[in-house]
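Next comes input35.txt, a file with compact mmCIF, C-alpha atoms.
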```txt
# COMPACT_ATOMS: atom_id res chain seq x y z
CA MET A 1 45.87 -47.31 -12.47
CA ARG A 2 42.78 -45.88 -10.76
CA ARG A 3 42.53 -42.23 -9.77
CA ALA A 4 40.29 -40.57 -7.22
CA GLY A 5 37.19 -38.85 -8.58
CA LYS A 6 35.00 -39.59 -11.55
CA ALA A 7 36.78 -40.15 -14.82
CA ASP A 8 35.66 -37.98 -17.71
CA ASP A 9 33.39 -40.04 -19.91
CA ARG A 10 33.04 -37.67 -22.81
CA PRO A 11 33.68 -39.26 -26.22
CA ASP A 12 37.07 -38.45 -27.70
CA GLY A 13 35.73 -36.03 -30.31
CA GLU A 14 33.66 -34.13 -27.78
CA LEU A 15 36.56 -33.92 -25.35
CA VAL A 16 38.85 -32.51 -28.00
CA ARG A 17 36.21 -29.99 -29.11
CA ALA A 18 35.81 -28.86 -25.53
CA PHE A 19 39.59 -28.56 -25.27
CA LEU A 20 39.59 -26.40 -28.41
CA ARG A 21 36.98 -24.19 -26.75
CA ARG A 22 39.52 -23.74 -23.91
CA ASP A 23 37.38 -25.61 -21.43
CA PRO A 24 39.55 -26.05 -18.30
CA SER A 25 37.71 -29.25 -17.35
CA ALA A 26 38.62 -30.75 -20.72
CA ALA A 27 42.28 -29.80 -20.23
CA GLU A 28 42.25 -31.39 -16.81
CA ALA A 29 40.53 -34.52 -18.12
CA LEU A 30 43.11 -34.87 -20.88
CA TYR A 31 45.94 -34.39 -18.41
CA ASP A 32 44.55 -37.01 -16.01
CA ARG A 33 44.07 -39.44 -18.85
CA PHE A 34 47.40 -39.09 -20.61
CA ALA A 35 50.00 -37.57 -18.29
CA PRO A 36 50.92 -40.87 -16.60
CA ARG A 37 51.58 -42.65 -19.88
CA VAL A 38 53.43 -39.73 -21.43
CA PHE A 39 55.52 -39.23 -18.29
CA GLY A 40 56.28 -42.95 -18.19
CA LEU A 41 57.18 -42.95 -21.87
CA GLY A 42 59.56 -40.12 -21.16
CA MET A 43 61.15 -42.03 -18.31
CA VAL A 44 61.67 -45.10 -20.53
CA MET A 45 62.92 -43.27 -23.59
CA LEU A 46 64.72 -40.29 -22.05
CA GLY A 47 65.91 -41.85 -18.82
CA ASN A 48 65.22 -39.13 -16.27
CA ALA A 49 62.29 -37.44 -14.53
CA SER A 50 63.22 -33.88 -15.50
CA GLN A 51 63.13 -34.62 -19.20
CA ALA A 52 60.04 -36.76 -18.75
CA GLU A 53 58.29 -33.76 -17.16
CA ASP A 54 59.39 -31.59 -20.07
CA LEU A 55 57.98 -34.20 -22.41
CA VAL A 56 54.61 -34.02 -20.65
CA GLN A 57 54.49 -30.24 -20.96
CA ASP A 58 55.64 -30.22 -24.58
CA THR A 59 53.16 -32.94 -25.48
CA PHE A 60 50.16 -31.10 -24.07
CA VAL A 61 51.16 -27.86 -25.73
CA LYS A 62 51.52 -29.67 -29.04
CA VAL A 63 48.19 -31.45 -28.54
CA TRP A 64 46.55 -28.05 -27.95
CA ARG A 65 48.16 -26.52 -31.02
CA LYS A 66 47.22 -29.50 -33.22
CA ALA A 67 43.85 -30.31 -31.63
CA SER A 68 41.93 -28.96 -34.61
CA THR A 69 43.56 -31.65 -36.76
CA PHE A 70 42.36 -34.55 -34.60
CA ASP A 71 39.73 -36.62 -36.35
CA SER A 72 38.20 -39.45 -34.35
CA ALA A 73 37.41 -41.22 -37.62
CA ARG A 74 41.15 -41.56 -38.28
CA GLY A 75 42.01 -43.31 -35.04
CA SER A 76 41.72 -43.20 -31.31
CA LEU A 77 42.70 -40.20 -29.21
CA ASP A 78 44.96 -42.46 -27.19
CA THR A 79 47.21 -43.43 -30.07
CA TRP A 80 47.15 -39.87 -31.43
CA VAL A 81 48.42 -38.36 -28.18
CA LEU A 82 50.91 -41.17 -27.56
CA LEU A 83 52.37 -40.79 -31.04
CA VAL A 84 52.71 -37.04 -30.51
CA ALA A 85 54.60 -37.78 -27.30
CA ARG A 86 56.78 -40.42 -28.90
CA SER A 87 57.64 -38.13 -31.80
CA LEU A 88 58.72 -35.40 -29.38
CA ALA A 89 60.75 -37.87 -27.35
CA ILE A 90 62.54 -39.11 -30.46
CA ASP A 91 63.31 -35.51 -31.45
CA LEU A 92 64.74 -34.89 -27.98
CA ILE A 93 66.92 -37.98 -28.23
CA ARG A 94 68.20 -36.97 -31.66
CA ARG A 95 68.94 -33.46 -30.43
CA ARG A 96 70.71 -34.84 -27.40
CA VAL A 97 72.85 -37.08 -29.60
CA LEU A 98 73.66 -34.15 -31.90
CA GLU A 99 74.53 -31.84 -29.00
CA THR A 100 76.74 -34.51 -27.50
CA ARG A 101 78.60 -34.91 -30.76
CA ILE A 102 79.05 -31.15 -31.18
CA LEU A 103 80.18 -30.80 -27.59
CA ALA A 104 82.64 -33.62 -27.99
CA SER A 105 84.12 -32.07 -31.10
CA GLN A 106 84.51 -28.62 -29.59
CA GLN A 107 85.67 -29.18 -26.05
CA GLU A 108 88.24 -30.99 -24.03
CA PRO A 109 86.72 -34.00 -22.39
CA THR A 110 85.41 -33.04 -18.98
CA GLU A 111 84.07 -35.02 -16.09
CA VAL A 112 80.51 -33.73 -16.48
CA SER A 113 78.04 -36.30 -15.35
CA VAL A 114 75.05 -36.56 -17.63
CA ALA A 115 73.98 -39.96 -16.46
CA PRO A 116 70.77 -40.25 -14.45
CA GLY A 117 71.11 -40.54 -10.68
CA PRO A 118 70.52 -43.78 -8.77
CA GLU A 119 66.83 -43.05 -8.07
CA GLU A 120 66.14 -42.28 -11.66
CA LEU A 121 67.96 -45.38 -12.78
CA ALA A 122 65.84 -47.44 -10.41
CA GLU A 123 62.65 -45.86 -11.70
CA THR A 124 63.67 -46.46 -15.29
CA ARG A 125 64.59 -50.05 -14.52
CA ASP A 126 61.24 -50.53 -12.85
CA LEU A 127 59.45 -49.20 -15.89
CA THR A 128 61.55 -51.27 -18.19
CA ASP A 129 60.74 -54.30 -16.08
CA ARG A 130 57.05 -53.55 -16.34
CA ALA A 131 57.37 -53.12 -20.07
CA ARG A 132 59.18 -56.44 -20.20
CA GLN A 133 56.47 -58.12 -18.14
CA ALA A 134 53.82 -56.84 -20.49
CA MET A 135 55.89 -58.20 -23.33
CA ASN A 136 56.27 -61.66 -21.75
CA ALA A 137 53.27 -62.77 -23.72
CA LEU A 138 55.32 -62.34 -26.88
CA THR A 139 58.01 -64.29 -28.60
CA PRO A 140 61.47 -62.68 -28.67
CA GLY A 141 61.00 -61.80 -32.34
CA GLN A 142 57.61 -60.20 -31.75
CA ARG A 143 58.94 -58.31 -28.76
CA ALA A 144 61.95 -56.96 -30.63
CA ALA A 145 59.83 -55.86 -33.60
CA LEU A 146 57.30 -54.07 -31.38
CA GLU A 147 59.98 -52.35 -29.31
CA LEU A 148 61.69 -51.04 -32.44
CA ALA A 149 58.39 -49.84 -33.90
CA TYR A 150 56.88 -48.44 -30.72
CA PHE A 151 59.80 -46.88 -28.90
CA GLN A 152 61.90 -45.93 -31.90
CA GLY A 153 59.24 -45.25 -34.52
CA LYS A 154 60.80 -47.66 -36.98
CA THR A 155 58.70 -48.67 -39.99
CA SER A 156 58.15 -52.33 -40.78
CA THR A 157 60.74 -52.05 -43.54
CA GLU A 158 63.30 -50.63 -41.12
CA VAL A 159 62.47 -53.27 -38.54
CA ALA A 160 62.94 -55.94 -41.22
CA GLU A 161 66.35 -54.54 -42.15
CA LEU A 162 67.49 -54.29 -38.56
CA GLU A 163 66.26 -57.76 -37.69
CA GLY A 164 67.34 -59.36 -40.92
CA ILE A 165 63.88 -60.68 -41.73
CA PRO A 166 61.45 -60.24 -44.64
CA VAL A 167 59.22 -57.17 -44.47
CA GLY A 168 56.10 -59.33 -44.39
CA THR A 169 57.45 -61.19 -41.37
CA ALA A 170 58.17 -57.90 -39.60
CA LYS A 171 54.63 -56.71 -40.23
CA THR A 172 53.15 -59.99 -39.01
CA ARG A 173 55.26 -59.91 -35.84
CA ILE A 174 54.20 -56.35 -35.00
CA ARG A 175 50.56 -57.07 -35.69
CA THR A 176 50.56 -60.29 -33.71
CA ALA A 177 52.34 -58.55 -30.85
CA LEU A 178 49.72 -55.82 -30.65
CA VAL A 179 46.83 -58.25 -30.83
CA LYS A 180 48.33 -60.56 -28.18
CA LEU A 181 49.03 -57.60 -25.90
CA ARG A 182 45.50 -56.39 -26.27
CA GLU A 183 44.17 -59.80 -25.36
CA ALA A 184 46.54 -60.27 -22.43
CA LEU A 185 46.33 -56.77 -21.01
CA GLU A 186 42.59 -56.46 -21.42
CA VAL A 187 42.15 -59.34 -19.03
CA HIS A 188 44.65 -57.71 -16.65
CA HIS A 189 42.75 -54.43 -16.63
CA GLU A 190 39.44 -56.11 -15.94
CA LEU A 191 40.75 -57.59 -12.69
CA MET B 192 43.50 -50.98 -51.80
CA SER B 193 42.33 -54.47 -50.96
CA CYS B 194 41.54 -55.54 -47.42
CA ASP B 195 44.60 -57.78 -47.40
CA GLU B 196 46.84 -54.89 -48.41
CA VAL B 197 45.27 -52.63 -45.79
CA ARG B 198 45.60 -55.16 -42.98
CA GLU B 199 49.26 -55.58 -43.86
CA GLN B 200 49.76 -51.87 -43.28
CA LEU B 201 47.55 -51.46 -40.22
CA PRO B 202 50.30 -52.17 -37.67
CA ASP B 203 52.45 -49.41 -39.16
CA TYR B 204 49.40 -47.14 -39.27
CA SER B 205 48.61 -47.76 -35.61
CA LEU B 206 52.21 -47.08 -34.65
CA GLY B 207 52.33 -43.92 -36.77
CA THR B 208 55.09 -45.05 -39.10
CA LEU B 209 53.25 -44.88 -42.43
CA SER B 210 53.92 -41.99 -44.79
CA ASP B 211 51.23 -39.32 -45.21
CA ILE B 212 50.31 -40.62 -48.65
CA GLU B 213 50.04 -44.21 -47.47
CA SER B 214 48.02 -43.11 -44.42
CA ALA B 215 45.59 -41.16 -46.60
CA ALA B 216 45.03 -44.15 -48.90
CA LEU B 217 44.52 -46.41 -45.94
CA ARG B 218 42.05 -44.02 -44.28
CA ARG B 219 40.09 -43.90 -47.50
CA HIS B 220 39.72 -47.67 -47.38
CA LEU B 221 38.81 -47.65 -43.68
CA ARG B 222 36.03 -45.15 -44.24
CA GLY B 223 34.24 -47.71 -46.36
CA CYS B 224 35.20 -51.02 -44.74
CA ALA B 225 33.79 -52.00 -41.34
CA GLY B 226 35.91 -55.14 -41.15
CA CYS B 227 39.19 -53.29 -41.55
CA ARG B 228 38.00 -50.57 -39.19
CA ALA B 229 37.39 -53.20 -36.52
CA GLU B 230 40.88 -54.56 -37.12
CA ALA B 231 42.37 -51.05 -36.89
CA GLN B 232 40.53 -50.41 -33.64
CA LYS B 233 41.86 -53.68 -32.21
CA LEU B 234 45.43 -52.64 -32.96
CA ASP B 235 44.85 -49.12 -31.58
CA GLU B 236 43.59 -50.68 -28.36
CA GLY B 237 46.70 -52.85 -28.28
CA VAL B 238 48.91 -49.76 -28.49
CA ALA B 239 46.95 -47.92 -25.81
CA LEU B 240 46.89 -50.88 -23.44
CA PHE B 241 50.57 -51.54 -23.99
CA ALA B 242 51.32 -47.93 -23.12
CA SER B 243 49.25 -48.14 -19.94
CA ALA B 244 50.81 -51.36 -18.81
CA ALA B 245 54.34 -50.78 -19.97
CA HIS B 246 55.05 -47.21 -19.05
CA ALA B 247 52.25 -45.52 -17.15
CA MET B 248 53.70 -43.76 -14.12
CA GLU B 249 52.20 -41.05 -11.95
CA PRO B 250 54.09 -37.83 -12.56
CA PRO B 251 54.95 -35.51 -9.67
CA PRO B 252 51.71 -33.89 -8.36
CA GLU B 253 53.01 -30.37 -8.96
CA LEU B 254 53.42 -31.09 -12.67
CA LYS B 255 49.66 -30.91 -13.21
CA SER B 256 49.26 -27.29 -12.13
CA LYS B 257 52.39 -26.39 -14.08
CA VAL B 258 51.11 -27.92 -17.33
CA LEU B 259 47.58 -26.53 -16.91
CA GLY B 260 49.14 -23.13 -16.21
CA VAL B 261 51.17 -23.34 -19.42
CA LEU B 262 48.01 -24.21 -21.35
CA GLU B 263 46.28 -21.21 -19.79
CA GLU B 264 49.10 -19.01 -21.10
CA GLU B 265 48.70 -20.56 -24.56
CA TRP B 266 44.98 -19.82 -24.49
CA GLN B 267 45.50 -16.23 -23.46
CA GLU B 268 48.04 -15.58 -26.19
CA ALA B 269 46.27 -17.50 -28.95
CA PRO B 270 43.76 -15.61 -31.12
CA PRO B 271 40.20 -15.92 -29.79
CA ALA B 272 38.30 -18.93 -31.03
CA LYS B 273 36.24 -17.91 -34.03
CA PRO B 274 32.73 -19.16 -34.64
CA ARG B 275 32.57 -22.06 -37.00
CA VAL B 276 32.23 -20.76 -40.52
CA HIS B 277 31.16 -22.89 -43.40
CA ARG B 278 33.61 -23.14 -46.22
CA LEU B 279 32.33 -21.16 -49.17
CA GLY B 280 31.43 -24.26 -51.12
CA MET B 281 29.08 -25.35 -48.35
CA ILE B 282 27.06 -22.16 -48.08
CA SER B 283 23.72 -22.23 -49.81
CA TRP B 284 23.95 -18.84 -51.45
CA PRO B 285 20.30 -18.84 -52.59
CA ALA B 286 19.27 -19.46 -48.98
CA VAL B 287 21.49 -16.64 -47.76
CA ALA B 288 20.14 -14.36 -50.46
CA ALA B 289 16.60 -15.24 -49.42
CA VAL B 290 17.37 -14.27 -45.84
CA LEU B 291 18.88 -11.00 -47.00
CA VAL B 292 15.85 -10.26 -49.16
CA LEU B 293 13.58 -10.94 -46.21
CA LEU B 294 15.62 -8.63 -44.02
CA ALA B 295 15.62 -5.85 -46.57
CA GLY B 296 12.00 -6.44 -47.47
CA ALA B 297 10.95 -6.14 -43.86
CA LEU B 298 12.54 -2.74 -43.78
CA VAL B 299 10.86 -1.45 -46.94
CA TRP B 300 7.44 -2.97 -46.86
CA GLY B 301 7.03 -2.81 -43.13
CA GLY B 302 7.93 0.83 -43.19
CA VAL B 303 10.58 0.40 -40.57
CA ALA B 304 12.48 3.62 -40.31
CA GLN B 305 16.23 3.70 -40.10
CA SER B 306 16.11 4.78 -36.52
CA ASP B 307 14.30 1.55 -35.74
CA ALA B 308 16.97 -0.58 -37.31
CA GLY B 309 18.36 -1.37 -33.90
CA ARG B 310 15.00 -2.65 -32.72
CA PHE B 311 14.74 -4.64 -35.91
CA ARG B 312 18.02 -6.29 -35.06
CA ALA B 313 16.78 -7.20 -31.65
CA ASP B 314 13.45 -8.47 -32.98
CA VAL B 315 14.71 -10.72 -35.71
CA SER B 316 15.29 -14.03 -34.01
CA SER B 317 17.27 -15.36 -36.93
CA TYR B 318 19.59 -12.37 -36.99
CA GLN B 319 22.15 -13.78 -34.58
CA GLN B 320 21.97 -17.22 -36.18
CA PHE B 321 22.43 -15.61 -39.55
CA LEU B 322 25.52 -13.72 -38.45
CA HIS B 323 26.88 -16.76 -36.68
CA ALA B 324 26.47 -18.84 -39.82
CA LEU B 325 28.25 -16.27 -41.93
CA GLY B 326 30.82 -15.40 -39.31
CA GLY B 327 30.81 -11.76 -40.26
CA LYS B 328 31.05 -8.60 -38.26
CA ASP B 329 27.64 -7.02 -38.68
CA VAL B 330 24.80 -6.16 -40.96
CA ARG B 331 24.19 -2.48 -41.70
CA VAL B 332 20.86 -1.34 -43.02
CA ALA B 333 19.50 1.77 -44.65
CA THR B 334 16.16 3.04 -45.85
CA LEU B 335 16.30 4.85 -49.16
CA SER B 336 14.02 7.84 -49.42
CA ALA B 337 12.92 9.67 -52.54
CA ARG B 338 14.95 12.68 -53.67
CA SER B 339 12.77 13.53 -56.64
CA PRO B 340 9.08 13.75 -57.43
CA GLN B 341 9.23 10.11 -58.50
CA VAL B 342 7.53 7.85 -56.01
CA ILE B 343 10.21 5.50 -54.93
CA GLN B 344 11.19 3.58 -51.82
CA GLY B 345 14.17 1.42 -51.19
CA SER B 346 16.30 -0.32 -48.65
CA ALA B 347 19.84 -1.54 -48.50
CA VAL B 348 21.52 -4.23 -46.47
CA LEU B 349 25.29 -4.26 -46.25
CA TYR B 350 27.06 -7.21 -44.69
CA ASP B 351 30.66 -6.71 -43.69
CA SER B 352 32.64 -9.91 -43.59
CA ASP B 353 35.97 -10.42 -41.89
CA ARG B 354 36.60 -13.35 -44.19
CA GLY B 355 36.72 -11.67 -47.59
CA GLN B 356 33.12 -12.13 -48.75
CA SER B 357 31.13 -8.96 -48.09
CA TRP B 358 27.63 -8.39 -49.42
CA ALA B 359 25.43 -5.55 -50.49
CA LEU B 360 21.74 -5.96 -51.31
CA VAL B 361 19.62 -3.09 -52.56
CA MET B 362 15.88 -3.29 -53.13
CA ALA B 363 13.62 -0.72 -54.72
CA HIS B 364 9.92 -0.15 -55.20
CA ALA B 365 9.01 2.49 -57.73
CA PRO B 366 5.45 2.01 -59.02
CA GLY B 367 4.89 3.58 -62.42
CA TYR B 368 8.58 4.05 -63.12
CA SER B 369 9.91 2.70 -66.36
CA GLY B 370 13.52 1.98 -67.01
CA SER B 371 16.34 0.72 -64.85
CA LEU B 372 17.81 2.19 -61.71
CA ASN B 373 21.52 2.68 -61.34
CA VAL B 374 22.84 1.84 -57.88
CA VAL B 375 26.02 3.31 -56.43
CA LEU B 376 27.62 2.85 -53.02
CA SER B 377 29.75 5.76 -51.85
CA ALA B 378 32.36 6.15 -49.20
CA ALA B 379 33.39 9.33 -47.42
CA ASN B 380 36.71 9.37 -49.24
CA GLY B 381 34.98 9.58 -52.58
CA ARG B 382 35.35 5.94 -53.58
CA THR B 383 32.30 4.45 -55.26
CA ILE B 384 31.08 0.98 -56.16
CA SER B 385 28.49 0.55 -58.92
CA LEU B 386 26.17 -2.39 -58.63
CA HIS B 387 24.27 -3.93 -61.51
CA PRO B 388 21.28 -1.74 -62.40
CA ILE B 389 17.94 -2.70 -60.89
CA GLU B 390 15.47 -3.85 -63.51
CA LEU B 391 12.01 -3.25 -62.15
CA ASP B 392 9.25 -5.75 -62.83
CA ALA B 393 5.66 -5.05 -63.74
CA ASN B 394 4.90 -4.17 -60.12
CA GLY B 395 7.76 -1.71 -59.99
CA GLU B 396 9.85 -3.89 -57.74
CA GLY B 397 13.42 -5.02 -58.22
CA SER B 398 16.71 -5.63 -56.52
CA THR B 399 20.38 -5.94 -57.13
CA TRP B 400 23.18 -7.34 -55.11
CA LEU B 401 26.91 -7.55 -54.90
CA VAL B 402 29.33 -10.05 -53.44
CA THR B 403 32.86 -8.80 -53.13
CA ALA B 404 36.17 -9.60 -51.59
CA ALA B 405 36.68 -5.87 -51.05
CA ASP B 406 36.21 -4.29 -47.67
CA ILE B 407 32.97 -2.31 -47.93
CA SER B 408 32.79 -1.23 -44.32
CA SER B 409 33.60 2.37 -45.25
CA PHE B 410 30.77 2.62 -47.77
CA ARG B 411 27.80 4.29 -46.13
CA VAL B 412 25.74 6.10 -48.75
CA VAL B 413 23.49 4.34 -51.24
CA ARG B 414 22.16 6.28 -54.26
CA LEU B 415 19.63 5.33 -56.89
CA THR B 416 19.80 7.30 -60.13
CA ASP B 417 18.13 7.08 -63.49
CA ALA B 418 19.87 6.65 -66.83
CA THR B 419 20.64 10.37 -67.01
CA GLY B 420 22.26 10.39 -63.60
CA ARG B 421 19.38 12.14 -61.86
CA LEU B 422 19.20 11.26 -58.22
CA LEU B 423 16.00 9.39 -57.42
CA ALA B 424 16.57 8.05 -53.93
CA ALA B 425 19.33 7.86 -51.36
CA GLY B 426 20.01 6.70 -47.86
CA THR B 427 22.80 6.34 -45.36
CA VAL B 428 23.44 3.05 -43.66
CA SER B 429 23.33 3.02 -39.88
CA GLU B 430 26.58 3.07 -37.95
CA ARG B 431 27.70 -0.17 -36.39
```
Now that the file is in, can you turn its structure into structure tokens?
Amino acid sequence: MRRAGKADDRPDGELVRAFLRRDPSAAEALYDRFAPRVFGLGMVMLGNASQAEDLVQDTFVKVWRKASTFDSARGSLDTWVLLVARSLAIDLIRRRVLETRILASQQEPTEVSVAPGPEELAETRDLTDRARQAMNALTPGQRAALELAYFQGKTSTEVAELEGIPVGTAKTRIRTALVKLREALEVHHEL
Amino acid sequence: MSCDEVREQLPDYSLGTLSDIESAALRRHLRGCAGCRAEAQKLDEGVALFASAAHAMEPPPELKSKVLGVLEEEWQEAPPAKPRVHRLGMISWPAVAAVLVLLAGALVWGGVAQSDAGRFRADVSSYQQFLHALGGKDVRVATLSARSPQVIQGSAVLYDSDRGQSWALVMAHAPGYSGSLNVVLSAANGRTISLHPIELDANGEGSTWLVTAADISSFRVVRLTDATGRLLAAGTVSER
């Protein structure tokens, strides 16, 4: 997705160091680079725009507070930020489930609507469709393994248990899925 | 870990589902294996591209100013960024000592009076770099003048650290004097710190120094005495 203006071309480490120095241009560059994916991740995992916006804010605050721990030698900035966002989204989901259970045990059932509205449902479906299109390059087994690992943070062992397959097979499916996606989507982005 | 073992774990590593211990072992291998690093990068790119394609969506335009505003609040409330300070194990203490000796020596042998200490600070081009490297608050200097018929000169450099490693360096030049010089730092409240005695060489020159975790910012008077306690020289460090 192209944005107006020149993209920041600073290397990851330099960008993070500038962010640590409280450089507003670095903050803006990080926002432009990651907000769409984090917001979209929030829409897919949390199901509504309001919580997706909260996820964006919480992610950037956490990235700021943990920026000194980022080490470009350990991995890319992209995966680091995305995993921070995913971890926060999973925490939100768990908290939501817990609150729902507590509420259900304490109160009379009420007709409070917590479901997303029609627009939000459409947006989420659209995103889910796009995710599914990106995954069309994969076999059903590879797709299921990657979705469990990526969106739910399941380890290969957990994926294996859930799918009823050997751990080695789960690892191979996830790896193959990522490699195939990279090959397929790289071509797409070059167009 | 072998390359085969590492590559088995790379998908979990890229997706952030390895334990901290497993991640650390894997990173250790990656640091020394270009082949596995290339594989790890490939998988990282797969994750990033998947995220872009699968769930990138422009957030509402007003969200940007809101998030940047929140970050601005974080920055204002967070402690100010401190200059990078080397961990103690990385400091070359002999090099630091040499710089301190040069600073103190310039004061004694160049005859720079205490009142000129401020100019000295401005003149020494390495002064700011020195402070930046150490991360401390300031260097205080004093010229020690004779308080007895004994010909004696001296200077003191006190470095106040905000990270628990303060310094004091005292140099003396007493031609013809035999014996050692006792060195005491004094604070206004009566507290004193005794440094190791200065053992003068054949030229009558010597120094002593102290590294301490104590806060020495309140110590302002430096005294040199002989073995009997007779005051030979003293000086007061300049105010910061």
Quiz item: Taking all atoms listed in the file into account, which of B:Ser210, B:Ser339, B:Ser243, B:Ser193 comes nearest chain A?
Solution: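 The closest residue to chain A is B:Ser243.
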For the contact check between chain B and chain A, emit one row per residue of chain B within 6 Å, containing the shortest atom pair and the distance in Å rounded to one decimal, counting only C-alpha atoms, chain then rising number order, as a Markdown table.
```
| residue | atom | partner | partner_atom | distance |
| --- | --- | --- | --- | --- |
| B:Pro202 | CA | A:Arg175 | CA | 5.3 |
| B:Thr208 | CA | A:Thr155 | CA | 5.2 |
| B:Leu234 | CA | A:Leu178 | CA | 5.8 |
| B:Gly237 | CA | A:Arg182 | CA | 4.2 |
| B:Ala239 | CA | A:Asp78 | CA | 6.0 |
| B:Ser243 | CA | A:Arg37 | CA | 6.0 |
| B:Ala245 | CA | A:Ala131 | CA | 3.8 |
| B:His246 | CA | A:Gly40 | CA | 4.5 |
| B:Ala247 | CA | A:Arg37 | CA | 4.0 |
| B:Met248 | CA | A:Pro36 | CA | 4.7 |
| B:Glu249 | CA | A:Pro36 | CA | 4.8 |
| B:Pro250 | CA | A:Pro36 | CA | 6.0 |
| B:Val258 | CA | A:Gln57 | CA | 5.5 |
```
Exercise. Would you kindly return, as JSON, numbers by chain, each protein, DNA or RNA residue with an atom no farther than 8 Å from any atom of B:Arg338, considering all atoms listed in the file and excluding same-chain residues fewer than 5 positions away?
Key: {"B": [422, 423, 424, 425]}
Quiz item: Which polymer residues have any atom within 12 Å of an atom of A:Ala26, counting all atoms listed in the file, with same-chain residues fewer than 2 positions away left out, as a list in words?
Solution: Ala7, Asp8, Asp9, Arg10, Pro11, Asp12, Gly13, Glu14, Leu15, Val16, Arg17, Ala18, Phe19, Leu20, Arg21, Arg22, Asp23, Pro24, Glu28, Ala29, Leu30, Tyr31, Asp32, Arg33 and Trp64 of chain A; Leu259 and Leu262 of chain B
Practice problem: Just give me the gap between atom CA of B:Val402 and atom CA of B:Ala359 in Å, one decimal is fine. | Solution: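 Those two atoms sit 6.6 Å apart.
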Quiz item: Hey, can you check how far atom CA of B:Val361 sits from atom CA of B:Ser408?
Solution: 15.6 Å
